[in-house]
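Asker: File follows, upload.txt with compact mmCIF, C-alpha atoms:
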# COMPACT_ATOMS: atom_id res chain seq x y z
CA MET A 1 -17.09 -22.19 -5.62
CA ARG A 2 -13.71 -22.57 -3.91
CA LYS A 3 -15.04 -21.19 -0.66
CA THR A 4 -18.55 -21.36 0.79
CA PRO A 5 -19.87 -17.80 1.31
CA LYS A 6 -20.80 -16.88 4.88
CA SER A 7 -24.43 -16.47 3.83
CA LEU A 8 -24.60 -20.20 2.99
CA ARG A 9 -23.03 -21.32 6.28
CA LEU A 10 -24.89 -22.30 9.43
CA GLN A 11 -24.69 -19.23 11.67
CA LEU A 12 -23.87 -19.99 15.32
CA GLY A 13 -24.19 -17.01 17.68
CA LEU A 14 -22.11 -17.11 20.88
CA PHE A 15 -23.67 -15.16 23.76
CA GLY A 16 -22.93 -14.79 27.45
CA ARG A 17 -21.84 -12.47 30.20
CA THR A 18 -18.51 -10.67 30.13
CA ASN A 19 -15.54 -12.93 30.89
CA ILE A 20 -17.67 -16.07 30.74
CA GLY A 21 -15.22 -17.66 28.29
CA LYS A 22 -16.95 -17.24 24.92
CA SER A 23 -13.72 -16.52 23.07
CA SER A 24 -11.93 -19.39 24.85
CA PHE A 25 -14.77 -21.72 23.88
CA LEU A 26 -14.54 -20.56 20.27
CA ASN A 27 -10.81 -21.25 20.31
CA ILE A 28 -11.18 -24.77 21.67
CA VAL A 29 -13.86 -25.65 19.12
CA ALA A 30 -11.75 -24.23 16.28
CA GLY A 31 -8.63 -25.91 17.60
CA GLN A 32 -6.70 -22.67 17.21
CA ASP A 33 -6.50 -19.15 18.61
CA VAL A 34 -9.03 -17.24 16.53
CA ALA A 35 -10.25 -14.88 19.25
CA ILE A 36 -8.29 -12.81 21.77
CA THR A 37 -8.81 -14.00 25.34
CA SER A 38 -8.10 -12.12 28.57
CA ARG A 39 -9.24 -11.88 32.18
CA VAL A 40 -9.95 -8.21 31.51
CA PRO A 41 -13.72 -7.71 31.00
CA GLY A 42 -14.74 -6.34 27.63
CA THR A 43 -11.83 -7.82 25.68
CA THR A 44 -14.17 -8.77 22.84
CA THR A 45 -15.21 -5.34 21.58
CA ASP A 46 -16.77 -6.36 18.28
CA VAL A 47 -18.30 -9.46 16.74
CA VAL A 48 -15.59 -11.97 15.83
CA GLU A 49 -16.53 -14.24 12.92
CA LYS A 50 -14.83 -17.59 12.41
CA SER A 51 -15.74 -19.69 9.38
CA MET A 52 -14.85 -23.36 9.53
CA GLU A 53 -15.93 -26.85 8.52
CA LEU A 54 -17.65 -28.61 11.42
CA LEU A 55 -17.99 -32.14 10.10
CA PRO A 56 -20.34 -33.87 9.56
CA ILE A 57 -22.51 -30.74 9.75
CA GLY A 58 -20.59 -28.86 7.08
CA PRO A 59 -19.69 -25.18 6.68
CA VAL A 60 -20.48 -23.01 9.70
CA VAL A 61 -19.57 -19.56 10.96
CA PHE A 62 -19.24 -18.81 14.68
CA LEU A 63 -20.24 -15.29 15.75
CA ASP A 64 -18.46 -14.39 18.99
CA THR A 65 -20.17 -11.40 20.61
CA ALA A 66 -19.33 -8.89 23.32
CA GLY A 67 -20.63 -9.65 26.82
CA VAL A 68 -24.33 -8.91 27.29
CA ASP A 69 -23.53 -7.35 30.69
CA ASP A 70 -20.63 -5.23 29.39
CA ILE A 71 -20.34 -2.06 31.49
CA SER A 72 -17.12 -0.80 29.93
CA GLU A 73 -16.82 2.33 27.81
CA LEU A 74 -18.82 2.14 24.55
CA SER A 75 -20.74 -0.81 26.04
CA ARG A 76 -24.11 0.39 24.70
CA LEU A 77 -22.89 0.30 21.12
CA ARG A 78 -21.19 -3.06 21.63
CA ILE A 79 -24.28 -4.65 23.09
CA LYS A 80 -26.49 -3.20 20.34
CA LYS A 81 -24.19 -4.75 17.73
CA SER A 82 -24.18 -8.07 19.57
CA ARG A 83 -27.98 -8.12 19.70
CA LYS A 84 -28.14 -7.80 15.91
CA ILE A 85 -26.53 -11.24 15.81
CA LEU A 86 -29.71 -12.61 17.39
CA ASP A 87 -31.49 -11.73 14.13
CA ARG A 88 -28.83 -13.50 12.13
CA ALA A 89 -28.14 -16.64 14.18
CA ASP A 90 -29.54 -19.99 13.07
CA ILE A 91 -28.66 -21.42 16.49
CA ILE A 92 -27.91 -19.50 19.70
CA LEU A 93 -25.12 -20.83 21.92
CA LEU A 94 -25.48 -19.36 25.43
CA LEU A 95 -22.49 -19.71 27.73
CA ALA A 96 -23.06 -19.71 31.47
CA GLU A 97 -21.04 -20.77 34.49
CA PRO A 98 -21.92 -23.32 37.16
CA ASN A 99 -24.53 -22.29 39.73
CA LYS A 100 -24.83 -18.72 38.42
CA TRP A 101 -27.88 -17.56 36.48
CA SER A 102 -28.97 -13.96 36.09
CA GLN A 103 -31.30 -11.65 34.19
CA TYR A 104 -28.73 -11.54 31.38
CA GLU A 105 -29.08 -15.26 30.72
CA ASP A 106 -32.87 -14.99 31.01
CA THR A 107 -32.85 -12.19 28.43
CA ILE A 108 -31.06 -14.32 25.85
CA VAL A 109 -33.38 -17.26 26.56
CA GLN A 110 -36.42 -15.03 25.97
CA GLU A 111 -34.90 -13.60 22.78
CA ALA A 112 -34.38 -17.15 21.50
CA LYS A 113 -37.99 -18.05 22.31
CA GLN A 114 -39.37 -14.95 20.60
CA ARG A 115 -37.46 -15.77 17.43
CA ASN A 116 -38.12 -19.50 17.68
CA THR A 117 -34.35 -19.95 17.36
CA PRO A 118 -32.84 -23.19 18.71
CA LEU A 119 -30.87 -22.69 21.93
CA ILE A 120 -27.91 -24.67 23.27
CA ILE A 121 -26.60 -23.84 26.74
CA ILE A 122 -22.90 -24.39 27.42
CA ILE A 123 -22.01 -24.53 31.11
CA ASN A 124 -18.39 -23.40 31.06
CA LYS A 125 -15.71 -23.26 33.79
CA ILE A 126 -16.66 -26.61 35.34
CA ASP A 127 -13.04 -26.80 36.50
CA GLN A 128 -13.75 -23.98 38.96
CA ALA A 129 -16.92 -25.44 40.46
CA PRO A 130 -19.07 -28.49 39.64
CA PRO A 131 -22.68 -27.60 38.75
CA GLU A 132 -25.11 -28.50 41.53
CA ASP A 133 -28.10 -30.75 40.88
CA LYS A 134 -30.46 -27.86 41.56
CA TYR A 135 -28.72 -25.79 38.88
CA ILE A 136 -28.86 -28.62 36.32
CA ARG A 137 -32.58 -29.07 36.97
CA ARG A 138 -33.10 -25.38 36.28
CA ILE A 139 -31.24 -25.67 32.97
CA GLU A 140 -33.36 -28.69 32.04
CA THR A 141 -36.54 -26.63 32.44
CA ILE A 142 -35.18 -24.35 29.70
CA THR A 143 -33.73 -26.90 27.28
CA ASN A 144 -32.49 -30.46 27.14
CA LYS A 145 -29.67 -29.32 24.87
CA PHE A 146 -26.81 -28.36 27.14
CA LEU A 147 -23.28 -29.51 27.78
CA LEU A 148 -20.65 -29.18 30.48
CA CYS A 149 -17.33 -27.73 29.41
CA CYS A 150 -13.98 -26.38 30.48
CA SER A 151 -12.78 -24.29 27.58
CA ILE A 152 -9.14 -24.44 28.69
CA ASP A 153 -9.12 -28.24 29.01
CA ILE A 154 -7.48 -29.09 25.69
CA ASP A 155 -7.17 -32.79 26.57
CA ASN A 156 -10.94 -33.17 26.53
CA ARG A 157 -11.51 -31.04 23.43
CA ASP A 158 -12.94 -33.92 21.37
CA HIS A 159 -15.48 -34.73 24.07
CA TYR A 160 -16.75 -31.14 24.21
CA VAL A 161 -16.80 -30.66 20.44
CA ASN A 162 -18.61 -33.96 19.83
CA ALA A 163 -21.25 -33.05 22.42
CA LEU A 164 -21.71 -29.68 20.70
CA LYS A 165 -22.02 -31.33 17.27
CA LYS A 166 -24.65 -33.73 18.58
CA HIS A 167 -26.84 -30.88 19.82
CA ILE A 168 -26.34 -28.83 16.64
CA ILE A 169 -27.39 -31.74 14.45
CA GLU A 170 -30.49 -32.32 16.60
CA CYS A 171 -31.70 -28.73 16.37
CA CYS A 172 -30.18 -27.66 13.05
CA PRO A 173 -32.85 -25.85 10.99
CA GLY A 174 -34.32 -28.09 8.33
CA ASP A 175 -33.80 -25.48 5.63
CA PHE A 176 -30.04 -25.72 6.29
CA LEU A 177 -29.80 -29.49 6.08
CA ASN A 178 -32.31 -29.60 3.21
CA PRO A 179 -32.28 -26.14 1.60
CA PRO A 180 -35.14 -25.31 -0.74
CA PRO A 181 -34.16 -25.76 -4.38
CA LEU A 182 -33.25 -22.98 -6.74
CA ILE A 183 -34.08 -24.64 -10.04
CA GLY A 184 -33.69 -28.37 -9.42
CA ASP A 185 -37.42 -29.10 -9.08
CA LEU A 186 -38.41 -26.98 -12.08
CA VAL A 187 -36.51 -28.96 -14.71
CA PRO A 188 -36.67 -32.72 -15.36
CA LYS A 189 -33.58 -34.89 -15.14
CA SER A 190 -31.43 -34.32 -18.24
CA GLY A 191 -33.60 -31.29 -19.01
CA LEU A 192 -32.32 -27.93 -20.22
CA ALA A 193 -32.39 -24.54 -18.55
CA VAL A 194 -31.38 -21.48 -20.55
CA LEU A 195 -29.84 -18.85 -18.28
CA ILE A 196 -29.65 -15.32 -19.64
CA VAL A 197 -26.71 -13.67 -17.92
CA PRO A 198 -25.90 -10.07 -18.78
CA ILE A 199 -22.39 -8.97 -17.90
CA ASP A 200 -22.95 -7.23 -14.56
CA LEU A 201 -20.67 -4.23 -14.20
CA GLU A 202 -20.78 -4.60 -10.41
CA ALA A 203 -19.44 -8.16 -10.51
CA PRO A 204 -15.66 -8.66 -10.16
CA LYS A 205 -13.84 -8.87 -13.47
CA GLY A 206 -13.88 -12.36 -14.93
CA ARG A 207 -16.78 -13.54 -12.74
CA ILE A 208 -20.55 -13.69 -12.72
CA ILE A 209 -22.63 -12.85 -9.67
CA LEU A 210 -23.42 -15.36 -6.93
CA PRO A 211 -27.12 -16.07 -7.73
CA GLN A 212 -26.16 -17.08 -11.25
CA VAL A 213 -23.31 -19.28 -10.05
CA GLN A 214 -25.57 -21.01 -7.53
CA THR A 215 -28.27 -21.63 -10.14
CA ILE A 216 -25.74 -23.26 -12.46
CA ARG A 217 -24.50 -25.44 -9.61
CA ASP A 218 -28.05 -26.42 -8.61
CA ALA A 219 -28.80 -27.50 -12.18
CA LEU A 220 -25.65 -29.63 -12.28
CA ASP A 221 -26.40 -31.15 -8.87
CA ASN A 222 -29.80 -32.23 -10.21
CA ASN A 223 -28.37 -33.77 -13.42
CA GLN A 224 -29.67 -30.98 -15.61
CA ALA A 225 -28.01 -28.96 -18.35
CA ALA A 226 -27.56 -25.20 -18.24
CA LEU A 227 -27.04 -23.14 -21.38
CA ILE A 228 -25.55 -19.72 -20.57
CA VAL A 229 -26.12 -16.84 -22.96
CA LYS A 230 -26.14 -13.04 -22.94
CA GLU A 231 -29.39 -11.21 -23.65
CA THR A 232 -28.03 -9.98 -26.99
CA GLU A 233 -27.61 -13.54 -28.29
CA TYR A 234 -30.58 -15.20 -26.60
CA LYS A 235 -33.13 -14.96 -29.43
CA ALA A 236 -30.72 -16.30 -32.03
CA VAL A 237 -29.55 -19.15 -29.79
CA LEU A 238 -33.15 -20.13 -28.98
CA LYS A 239 -33.86 -20.60 -32.69
CA LYS A 240 -30.90 -22.96 -33.01
CA LEU A 241 -32.22 -25.39 -30.41
CA SER A 242 -33.83 -28.52 -31.84
CA VAL A 243 -36.16 -28.77 -28.82
CA PRO A 244 -37.40 -25.93 -26.60
CA PRO A 245 -35.78 -25.51 -23.16
CA ASP A 246 -37.65 -26.60 -20.05
CA ILE A 247 -37.25 -23.16 -18.51
CA VAL A 248 -35.63 -19.80 -19.23
CA VAL A 249 -34.20 -17.70 -16.38
CA CYS A 250 -32.94 -14.16 -16.82
CA ASP A 251 -31.51 -11.26 -14.89
CA SER A 252 -34.39 -9.00 -13.84
CA GLN A 253 -32.94 -6.01 -15.66
CA VAL A 254 -33.61 -7.68 -19.03
CA VAL A 255 -36.93 -9.31 -18.07
CA SER A 256 -39.01 -7.39 -20.64
CA GLN A 257 -36.71 -8.40 -23.49
CA MET A 258 -36.68 -12.01 -22.30
CA VAL A 259 -40.48 -12.17 -22.16
CA ASN A 260 -40.78 -10.67 -25.65
CA ASP A 261 -38.31 -13.18 -27.07
CA THR A 262 -39.71 -16.28 -25.31
CA PRO A 263 -42.66 -18.23 -26.79
CA ASP A 264 -45.65 -18.43 -24.41
CA PHE A 265 -45.40 -22.20 -24.05
CA ILE A 266 -41.91 -22.02 -22.49
CA PRO A 267 -41.92 -21.35 -18.71
CA CYS A 268 -39.73 -18.43 -17.75
CA THR A 269 -38.73 -16.53 -14.63
CA THR A 270 -35.90 -14.46 -13.14
CA PHE A 271 -32.98 -15.18 -10.83
CA SER A 272 -34.53 -12.84 -8.25
CA ILE A 273 -37.76 -14.83 -8.19
CA LEU A 274 -35.78 -18.04 -7.76
CA PHE A 275 -33.98 -16.39 -4.86
CA SER A 276 -37.22 -15.20 -3.32
CA ARG A 277 -38.18 -18.84 -2.91
CA TYR A 278 -34.66 -19.97 -1.96
CA LYS A 279 -33.85 -17.31 0.62
CA GLY A 280 -37.22 -15.90 1.64
CA ASP A 281 -40.95 -16.53 1.25
CA LEU A 282 -42.08 -16.32 -2.37
CA ILE A 283 -45.80 -16.18 -1.60
CA GLU A 284 -45.43 -13.35 0.93
CA GLU A 285 -43.11 -11.37 -1.34
CA ILE A 286 -45.45 -11.83 -4.30
CA LYS A 287 -48.45 -10.65 -2.25
CA ALA A 288 -46.43 -7.63 -1.15
CA ALA A 289 -45.64 -6.76 -4.77
CA ALA A 290 -49.34 -6.34 -5.50
CA ILE A 291 -49.17 -3.13 -3.44
CA ILE A 292 -47.13 -1.49 -6.20
CA ASP A 293 -50.22 -0.84 -8.31
CA THR A 294 -51.78 1.02 -5.37
CA LEU A 295 -48.83 3.37 -4.72
CA GLN A 296 -49.44 7.10 -4.77
CA PRO A 297 -47.06 10.06 -5.14
CA GLN A 298 -45.24 10.86 -1.88
CA ASP A 299 -45.63 7.31 -0.54
CA LYS A 300 -42.55 6.29 1.41
CA ILE A 301 -40.57 3.26 0.20
CA LEU A 302 -37.47 1.57 1.62
CA ILE A 303 -34.87 0.10 -0.75
CA ALA A 304 -32.97 -2.49 1.30
CA GLU A 305 -29.66 -4.02 0.25
CA ALA A 306 -28.11 -6.94 2.13
CA CYS A 307 -24.58 -6.19 0.98
CA SER A 308 -22.45 -3.06 0.99
CA HIS A 309 -21.25 -2.36 -2.54
CA HIS A 310 -20.06 0.70 -4.39
CA PRO A 311 -23.06 1.83 -6.48
CA ILE A 312 -22.43 2.34 -10.18
CA GLU A 313 -23.88 5.20 -12.22
CA ASP A 314 -27.06 3.31 -13.16
CA ASP A 315 -27.32 1.20 -9.98
CA ILE A 316 -30.37 -1.06 -9.88
CA GLY A 317 -31.47 -0.22 -6.33
CA ARG A 318 -30.34 3.41 -6.12
CA VAL A 319 -31.25 4.60 -9.62
CA LYS A 320 -33.27 2.25 -11.82
CA ILE A 321 -35.97 1.04 -9.42
CA PRO A 322 -36.66 4.58 -8.07
CA ARG A 323 -36.92 5.84 -11.66
CA TRP A 324 -39.32 3.05 -12.67
CA LEU A 325 -41.41 3.66 -9.54
CA LYS A 326 -41.72 7.35 -10.37
CA GLU A 327 -42.83 6.53 -13.92
CA HIS A 328 -45.31 3.92 -12.68
CA VAL A 329 -46.83 6.12 -9.98
CA GLY A 330 -46.85 9.25 -12.09
CA GLY A 331 -45.02 11.37 -9.55
CA GLU A 332 -42.28 11.42 -6.97
CA VAL A 333 -42.13 8.77 -4.27
CA ARG A 334 -40.00 9.18 -1.17
CA ILE A 335 -37.13 6.69 -1.18
CA ASP A 336 -34.91 5.68 1.73
CA THR A 337 -32.02 3.26 1.32
CA CYS A 338 -30.28 0.96 3.78
CA ALA A 339 -27.38 -1.41 3.15
CA GLY A 340 -25.63 -4.33 4.80
CA ARG A 341 -26.82 -5.24 8.30
CA ASP A 342 -28.43 -1.82 8.85
CA TYR A 343 -32.10 -2.79 8.76
CA PRO A 344 -34.22 0.04 10.28
CA GLU A 345 -36.42 -0.34 13.35
CA ASP A 346 -39.12 2.13 12.21
CA LEU A 347 -40.47 0.07 9.31
CA GLU A 348 -44.04 1.21 9.99
CA ASP A 349 -43.22 4.45 8.17
CA TYR A 350 -42.98 2.66 4.81
CA LYS A 351 -45.73 1.68 2.41
CA LEU A 352 -43.44 -0.97 0.90
CA ILE A 353 -39.96 -2.43 1.34
CA ILE A 354 -38.16 -3.51 -1.83
CA HIS A 355 -35.29 -5.79 -0.83
CA CYS A 356 -32.43 -7.21 -2.88
CA GLY A 357 -32.34 -10.94 -3.56
CA GLY A 358 -30.53 -11.57 -0.27
CA CYS A 359 -27.70 -13.68 -1.65
CA MET A 360 -25.31 -12.31 1.00
CA ILE A 361 -27.49 -13.09 4.05
CA THR A 362 -28.96 -16.28 5.42
CA ARG A 363 -32.47 -17.49 4.79
CA ARG A 364 -33.24 -17.13 8.49
CA GLU A 365 -32.22 -13.46 8.41
CA MET A 366 -34.25 -12.85 5.25
CA LEU A 367 -37.31 -14.51 6.81
CA PHE A 368 -36.78 -12.43 9.94
CA ARG A 369 -36.77 -9.24 7.85
CA ILE A 370 -40.01 -10.28 6.17
CA GLN A 371 -41.59 -11.06 9.55
CA ARG A 372 -40.34 -7.78 11.06
CA ALA A 373 -41.99 -5.91 8.18
CA LYS A 374 -45.31 -7.71 8.74
CA GLU A 375 -45.20 -6.95 12.47
CA LYS A 376 -44.74 -3.27 11.64
CA GLY A 377 -47.73 -3.24 9.31
CA THR A 378 -45.82 -3.05 6.03
CA SER A 379 -44.80 -5.57 3.36
CA LEU A 380 -41.56 -6.71 1.79
CA THR A 381 -40.90 -7.81 -1.76
CA ASN A 382 -37.65 -8.12 -3.69
CA TYR A 383 -35.96 -6.31 -6.56
CA GLY A 384 -36.79 -8.80 -9.27
CA ILE A 385 -40.43 -9.23 -8.31
CA ALA A 386 -40.91 -5.46 -8.12
CA ILE A 387 -39.22 -4.94 -11.50
CA SER A 388 -41.45 -7.58 -13.09
CA VAL A 389 -44.54 -5.77 -11.77
CA LEU A 390 -43.24 -2.40 -12.94
CA GLN A 391 -42.47 -3.84 -16.38
CA GLY A 392 -45.91 -5.45 -16.61
CA VAL A 393 -44.63 -9.03 -16.95
CA ILE A 394 -45.13 -10.42 -13.44
CA GLU A 395 -47.78 -12.99 -14.41
CA ARG A 396 -45.61 -14.29 -17.24
CA VAL A 397 -42.56 -14.84 -15.03
CA LEU A 398 -44.66 -16.58 -12.40
CA SER A 399 -45.60 -19.30 -14.88
CA PRO A 400 -43.36 -21.91 -13.12
CA PHE A 401 -45.04 -21.11 -9.77
CA PRO A 402 -48.86 -21.53 -10.01
CA ALA A 403 -49.45 -20.96 -6.28
CA ALA A 404 -47.53 -17.68 -6.36
CA LEU A 405 -49.38 -16.57 -9.49
CA ASP A 406 -52.71 -17.31 -7.83
CA ALA A 407 -51.63 -15.41 -4.69
CA PHE A 408 -50.69 -12.37 -6.77
CA ARG A 409 -54.01 -12.35 -8.63
CA ARG A 410 -56.04 -12.71 -5.44
CA GLN A 411 -54.09 -10.00 -3.63
CA SER A 412 -54.41 -7.64 -6.60
CA LYS A 413 -58.19 -8.16 -6.60
CA ASN A 414 -58.30 -7.46 -2.87
CA TYR A 415 -56.48 -4.14 -3.34
CA LEU A 416 -58.72 -3.18 -6.24
CA LYS A 417 -61.79 -3.96 -4.11
CA MET A 418 -60.42 -1.88 -1.23
CA ARG A 419 -59.77 1.06 -3.54
CA SER A 420 -63.25 0.91 -5.04
CA GLU A 421 -64.81 0.87 -1.55
CA ILE A 422 -62.78 3.93 -0.59
Written as C-alpha cells, how would this file's structure read?

Answerer:
Amino acid sequence: MRKTPKSLRLQLGLFGRTNIGKSSFLNIVAGQDVAITSRVPGTTTDVVEKSMELLPIGPVVFLDTAGVDDISELSRLRIKKSRKILDRADIILLLAEPNKWSQYEDTIVQEAKQRNTPLIIIINKIDQAPPEDKYIRRIETITNKFLLCCSIDIDNRDHYVNALKKHIIECCPGDFLNPPPLIGDLVPKSGLAVLIVPIDLEAPKGRIILPQVQTIRDALDNNQAALIVKETEYKAVLKKLSVPPDIVVCDSQVVSQMVNDTPDFIPCTTFSILFSRYKGDLIEEIKAAAIIDTLQPQDKILIAEACSHHPIEDDIGRVKIPRWLKEHVGGEVRIDTCAGRDYPEDLEDYKLIIHCGGCMITRREMLFRIQRAKEKGTSLTNYGIAISVLQGVIERVLSPFPAALDAFRRQSKNYLKMRSEI
C-alpha cells in the first residue's frame, strides 16, 4: 500500500473549549498550516482530519474538533459531531489553559474514563499566564500525562512535540503497537495460504479490496507464501499442488463453493472471519451469530456498514444478506441499514446487528460498537460470520479457531435450551 488508510492509523482526538488553540496546536505539531485559526470563536465548524507520520510512533491521524462550549449558530450539530470522535479516538488530547478548569473539561475527562480511553492534557497558552502550583496539582489528580505548551511558539516546537510523543508512546493502545494478526499465526513459516479472491465489482478497477490486500501483506510479513486464485479456478489449482495448503481463505460470498471444494483435513475460513478477530472480538461475534437460528419473521435486524459506498444491484449488505435471512427464517424480517459513522443510538430495538468487516474503521471503534450493542441488550456479528451460518458452513470455517468453534456450539445449545423451556 502506498498510503496507510486512516482506519489503520492511531486516531488522536483533539478536544477543548472554543478558542483554546486546538487548531494552532495541530498546526505546530504538523509543522504546517493544516487548520484555519482565528480569534473568532467557532472557527472550526467541522472535524478537521490530518494524517501524518509521527515518528517513531508511525502513521497517525489528528481529529481537530469544534469547541465543546460552542454557542454559535448550529453549535448543537457541531458538538454532536465532535462527540462522535470520542467513540473513534484511540487517545484523547484535551487542551486547557492555565488556571482555568470548567465543567466542559470535566465532561471530556469523564467521557475518557467511561470509554477507558487514554487521556493527555495539554495546557496551552502558557505565554499568557504561567500555571499555578494549585492548578498543576489538580491536573495531576486526573492524569500524570500532561504537558505545557504555547502553540504559537515555533522556536520550541521540538520540545512540545517530543513531550507529546513521549506521552503517546506511554499510553498508546497495545493493539496499535502490536496489532492482532490476520493470518500470520495460522500458517507456519514458509507455509502456504491459498486465497480465493473473486473479482469484486465494488472494488476500483485494477484493484482488490483492502481485507485481501492486508491478508497478502500479513502473509509476506510472516515469511509465508500466498497463492491467489479466483473461485472458478480454485478446484483445478488445488489438484495441481504437490502438497496441500496450510489454510484456505475465501470471500464470504463464495464460502459454500469453497467448503465443497476443500478436503476436510485442510483448515479453511473467510476474510470476514479473519477481520472479526483483527478488528473486533471474534468470540463475541461468533456467539452473536448463534442467534440467527432463533430468528422469527418480523424480527428487527440492523445491517451496519462502516463505509459509504454506492451499492450495486446485488449488494451484499443491502440485497444478498436480507434475501438469505428471509429464506432462512421462512418469512420477512424487518431490515434497517446504516452506513459510515452513522451508528444508531436506539440499538435495543434490534434482535441482531450484522456489521461489515470494519476494514474502514479502527479496532477501537469496532470494539466500541460491539460494547454499545451489548449495553443495549442486543448482539453484533459480521457479514462473513452471518453468511457462513446462513449457508450452513459456520463450523467448517471455524476450524482454524477452536475456541470460537466451542463458543458457537455452547451458545447454540443455550439458545436451543431456552427455546425448549419456552

Asker: Between A:Asn99, A:Ser23, A:Ile183, A:Leu93, single out the one closest to His167 of chain A, counting only C-alpha atoms.

Answerer: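 Counting only C-alpha atoms, the residue closest to His167 of chain A is A:Leu93.
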
Asker: Can you list, as a list in words, every protein, DNA or RNA residue that comes within 7 Å of Ala404 of chain A when you count only C-alpha atoms, leaving out same-chain residues fewer than 2 positions away?

Answerer: Leu282, Ile283, Ile286, Leu398, Phe401, Pro402, Asp406, Ala407 and Phe408 of chain A

Asker: List the neighbours of segment 264-278 of chain A out to 9 Å using all atoms listed in the file; skip same-chain residues closer than 4 positions along the sequence, and give me the result as a compact mmCIF listing (two decimals) with C-alpha atoms, keeping the file's coordinate frame.

Answerer:
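Written out: around.txt:
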# COMPACT_ATOMS: atom_id res chain seq x y z
CA PRO A 179 -32.28 -26.14 1.60
CA PRO A 180 -35.14 -25.31 -0.74
CA PRO A 181 -34.16 -25.76 -4.38
CA LEU A 182 -33.25 -22.98 -6.74
CA ILE A 183 -34.08 -24.64 -10.04
CA LEU A 195 -29.84 -18.85 -18.28
CA PRO A 211 -27.12 -16.07 -7.73
CA GLN A 212 -26.16 -17.08 -11.25
CA THR A 215 -28.27 -21.63 -10.14
CA PRO A 244 -37.40 -25.93 -26.60
CA PRO A 245 -35.78 -25.51 -23.16
CA ASP A 246 -37.65 -26.60 -20.05
CA ILE A 247 -37.25 -23.16 -18.51
CA VAL A 248 -35.63 -19.80 -19.23
CA VAL A 249 -34.20 -17.70 -16.38
CA CYS A 250 -32.94 -14.16 -16.82
CA ASP A 251 -31.51 -11.26 -14.89
CA SER A 252 -34.39 -9.00 -13.84
CA VAL A 255 -36.93 -9.31 -18.07
CA MET A 258 -36.68 -12.01 -22.30
CA VAL A 259 -40.48 -12.17 -22.16
CA LEU A 282 -42.08 -16.32 -2.37
CA ILE A 283 -45.80 -16.18 -1.60
CA GLU A 285 -43.11 -11.37 -1.34
CA ILE A 286 -45.45 -11.83 -4.30
CA CYS A 356 -32.43 -7.21 -2.88
CA GLY A 357 -32.34 -10.94 -3.56
CA GLY A 358 -30.53 -11.57 -0.27
CA CYS A 359 -27.70 -13.68 -1.65
CA ARG A 363 -32.47 -17.49 4.79
CA THR A 381 -40.90 -7.81 -1.76
CA ASN A 382 -37.65 -8.12 -3.69
CA TYR A 383 -35.96 -6.31 -6.56
CA GLY A 384 -36.79 -8.80 -9.27
CA ILE A 385 -40.43 -9.23 -8.31
CA SER A 388 -41.45 -7.58 -13.09
CA ILE A 394 -45.13 -10.42 -13.44
CA ARG A 396 -45.61 -14.29 -17.24
CA VAL A 397 -42.56 -14.84 -15.03
CA LEU A 398 -44.66 -16.58 -12.40
CA SER A 399 -45.60 -19.30 -14.88
CA PRO A 400 -43.36 -21.91 -13.12

Asker: Measuring atom to atom with all atoms listed in the file, identify which of A:Cys150, A:Glu140, A:Lys230, A:Lys113 is nearest to Asp127 of chain A.

Answerer: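 Closest candidate: A:Cys150.
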
Asker: Name the closest residue to Leu177 of chain A among the candidates A:Asp281, A:Asp314, A:Asp346, A:Asp90; distances are taken between atoms, counting only C-alpha atoms.

Answerer: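 Of the candidates, the smallest distance to Leu177 of chain A is held by A:Asp90.
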
Asker: How many Å lie between atom CA of Ile196 of chain A and atom CA of Ala225 of chain A, rounded to one decimal?

Answerer: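 That distance, rounded to one decimal, is 13.8 Å.
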
Asker: Considering all atoms listed in the file, state which residue in the set A:Val237, A:Leu405, A:Met52, A:Val333 is at the smallest distance from Thr262 of chain A.

Answerer: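 The answer is A:Val237, which sits nearest to Thr262 of chain A.
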
Asker: Would you please work out which residue, of A:Leu390, A:Val29, A:Leu352, A:Leu10, is nearest to Val61 of chain A when using all atoms listed in the file?

Answerer: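 Of A:Leu390, A:Val29, A:Leu352, A:Leu10, the one nearest Val61 of chain A, counting all atoms listed in the file, is A:Leu10.
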
Asker: May I have the residues within 10 Å of Arg372 of chain A as a VMD selection string, using only C-alpha atoms and disregarding those fewer than 3 positions away in the same chain?

Answerer: chain A and resid 343 to 345 347 to 348 366 to 369 375 to 380

Asker: So which one's closest to Ile303 of chain A, A:Cys149, A:Ile120, A:Ile228, A:Ile353? Using only C-alpha atoms, please.

Answerer: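 Of the candidates, the smallest distance to Ile303 of chain A is held by A:Ile353.
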
Asker: So what do you get for atom CA of Thr117 of chain A versus atom CA of Arg364 of chain A, distance-wise?

Answerer: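 Calculated distance between atom CA of Thr117 of chain A and atom CA of Arg364 of chain A is 9.4 Å.
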
Asker: As lines of an AutoDock Vina configuration file, what would the box around segment 89-106 of chain A look like: edges along x, y and z, 4 Å added on every side, centre and edge lengths in Å to one decimal?

Answerer:
center_x = -27.0
center_y = -17.4
center_z = 26.4
size_x = 19.8
size_y = 19.8
size_z = 34.7

Asker: For atom CA of Ile126 of chain A and atom CA of Ser151 of chain A, quote the distance in Å rounded to one decimal.

Answerer: 9.0 Å

Asker: With all atoms listed in the file as the counted atoms, please give the residues lying no more than 10 Å from Leu325 of chain A, apart from itself and same-chain residues fewer than 6 positions off, as an MDAnalysis selection string.

Answerer: chainID A and resid 292:293 295:297 301 331:333 335 386:387 390

Asker: So that I can see what lies close to Lys22 of chain A, please list as a VMD selection string the residues with an atom at most 8 Å from it, counting only C-alpha atoms and leaving out residues fewer than 6 positions away in the same chain.

Answerer: chain A and resid 14 to 16 64 to 65 95

Asker: Pull C-alpha atoms from the residues just selected and write them as a CSV table (one decimal), in the frame of the given file.

Answerer:
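Output (result-v6.csv):
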chain,number,residue,atom,x,y,z
A,14,LEU,CA,-22.1,-17.1,20.9
A,15,PHE,CA,-23.7,-15.2,23.8
A,16,GLY,CA,-22.9,-14.8,27.4
A,64,ASP,CA,-18.5,-14.4,19.0
A,65,THR,CA,-20.2,-11.4,20.6
A,95,LEU,CA,-22.5,-19.7,27.7
